[in-house]
Structure formats: C-alpha cells, structure tokens
Amino acid sequence: MLDEIIFDWKYIFVFTLIISVLSFLLFIFRKKKDYQRYLELNFGRKKWREKLEQNKKQKLFNKALENTTPKWTIEFIQGIDFKVFIDLIFNYFKAVGFIAKTSSITNNLGIFFLYEPENNLPFALVGCRSLGCDIVSLDTVKYFYDLSKTYNLDNLILITTGSFSDESYSFVKGFEYFHLVPVQRFISLLSELPIKKQTHLFVSVIFAQK
C-alpha cells in the first residue's frame, strides 16, 4: 500500500513538473509574441505618424506654392543658411537643365559639378560662397581656379552672396569660361526662370529655413 502511494506521488510530481515546464514555455512564447506585437504596433504607429507628418508638410508646401509670389532680394539671399544657399544654387542649375552632382570631397566647401544632360559629361565646377556682403578676394578666386584644373574642368562658376574684388575680375578677364556671379547677378538669373520654377525654389528655401 505504501509503495503504491509513493508511486502515485512520483507520478504526480513528474506530471506536475511536465505541466509546469510546458506552462513556463507557453508563458515565454506568449511574452515573445506580445513583445513582437508591441514592437510592430509601436513601429507601425511611428511610421504612420511620420507619414502623416510628411503628408501635412506636403500639403502646406503645395498651399504655399499656390499663394506665394517669389521676391528675390539681396536681403533674402544673404539671410539664408549656407547649406540652404548651396541647395538653392544646386537646384537652380537643375531647373535650367543641367545634371548637378555633389562630391564627398568638396561638400563642406559648397562645391558641386554640373554635367551636360545629353551626354552626361562634366561641364563645370560650381563654387558657392556665403559671405554676407563681404568681397571675395583674389586668393579665394585663384583657389577655386586651381581646384577646377585639378578636376580637368575648363568651366568654372563662382557664386557668392556678396561681391568680388576688382582684382578677381581682372584675373578672370582672360578666361572665356570663368564666370564670377555676385549676388545681384544671381538674383537676375533666378528672376529669368519661369514663374513656376521660381516659386518652387523660393518656397523650398522658406521651408528649409523653418
């Protein structure tokens, strides 16, 4: 009789142990599933919020396009951040039909390259100088000139939010494809674009500044 009771207890212990292990594994599995669901739910919400915010910004941008008249002034150009100034010039050349490409070597200098769309060949090196109303010196102009020769480009365009020294203009006088573009000339170039392209560039600057 005692042996039967002991056997029964062993059986119950083993059975209970098995149930406990299975329950624990089920608990772990449920927790893992709950955690995965938590991640999916939260990341899904994050993506949804980002998409919602993106759509909201796009609607505001589109509304601004409909209700904005571009006003290119020296004060406006000189008031934008350097990175935004680079992007404005970059997008201007795209708007007039060039393929504009940045270079990891020259990004921090505000330099990029233009390519002719019909043959994708390098056309010019563009240098951006955000100097307020300062005058770009001859040394700076010569630096960009030497840089253009390093990349074997005969075409060089320098654009500034200020102006260039008289010595700089004298230096480039003998080079047919070396263009110095002070802020007033850049404003004229922007104003020559179709109004739709002008407005898109102008609103892009405003939104980038926010």
# chains A, B, ... in the order shown; residues from 1 in each chain; ligands from 1

call {"tool": "residues_around", "arguments": {"residues": "range 73-85 of chain A", "least_positions_apart": "3", "cutoff": "9 Å", "atoms": "only C-alpha atoms", "output": "PyMOL selection string"}}
result
chain A and resi 88-90+110+128-133+161-162+183-184+187+205-206+208-209

call {"tool": "write_last_selection", "arguments": {"atoms": "C-alpha atoms", "output": "mmCIF file, in the first residue's frame"}}
result
data_model
loop_
_atom_site.group_PDB
_atom_site.id
_atom_site.type_symbol
_atom_site.label_atom_id
_atom_site.label_comp_id
_atom_site.auth_asym_id
_atom_site.auth_seq_id
_atom_site.Cartn_x
_atom_site.Cartn_y
_atom_site.Cartn_z
ATOM 1 C CA LEU A 88 19.339 76.815 -53.840
ATOM 2 C CA ILE A 89 22.207 77.093 -56.339
ATOM 3 C CA PHE A 90 22.245 73.310 -56.834
ATOM 4 C CA GLY A 110 29.935 74.297 -51.123
ATOM 5 C CA CYS A 128 29.317 78.694 -53.551
ATOM 6 C CA ARG A 129 30.447 81.403 -51.156
ATOM 7 C CA SER A 130 28.086 82.624 -48.460
ATOM 8 C CA LEU A 131 29.874 85.714 -47.204
ATOM 9 C CA GLY A 132 27.113 88.167 -46.496
ATOM 10 C CA CYS A 133 28.124 91.440 -48.136
ATOM 11 C CA THR A 161 26.016 86.241 -51.555
ATOM 12 C CA GLY A 162 28.367 89.223 -51.695
ATOM 13 C CA VAL A 183 24.563 88.253 -55.542
ATOM 14 C CA GLN A 184 22.884 90.824 -57.830
ATOM 15 C CA ILE A 187 19.127 87.288 -58.404
ATOM 16 C CA VAL A 205 14.162 77.966 -49.295
ATOM 17 C CA ILE A 206 11.467 79.208 -46.915
ATOM 18 C CA ALA A 208 14.268 74.733 -45.401
ATOM 19 C CA GLN A 209 14.771 77.709 -43.080
#

call {"tool": "closest_residue", "arguments": {"among": "A:Thr199, A:Asn155, A:Thr160, A:Thr69", "to": "Phe113 in chain A", "atoms": "only C-alpha atoms"}}
result
A:Asn155

call {"tool": "residues_around", "arguments": {"residues": "range 94-99 of chain A", "least_positions_apart": "5", "cutoff": "9 Å", "atoms": "only C-alpha atoms", "output": "ChimeraX atom specification"}}
result
/A:89,113-117,120,123,193,197-198,201

call {"tool": "closest_residue", "arguments": {"among": "A:Leu180, A:Leu153, A:Ile111, A:Leu190", "to": "Val141 in chain A", "atoms": "only C-alpha atoms"}}
result
A:Leu180

call {"tool": "closest_residue", "arguments": {"among": "A:Leu125, A:Val181, A:His200, A:Glu192", "to": "Ser148 in chain A", "atoms": "only C-alpha atoms"}}
result
A:Leu125

call {"tool": "closest_residue", "arguments": {"among": "A:Phe175, A:Phe61, A:Tyr151, A:Tyr169", "to": "Phe202 in chain A", "atoms": "only C-alpha atoms"}}
result
A:Phe61

call {"tool": "atom_distance", "arguments": {"atom1": "CA of Tyr92 in chain A", "atom2": "CA of Glu176 in chain A"}}
result
22.0 Å
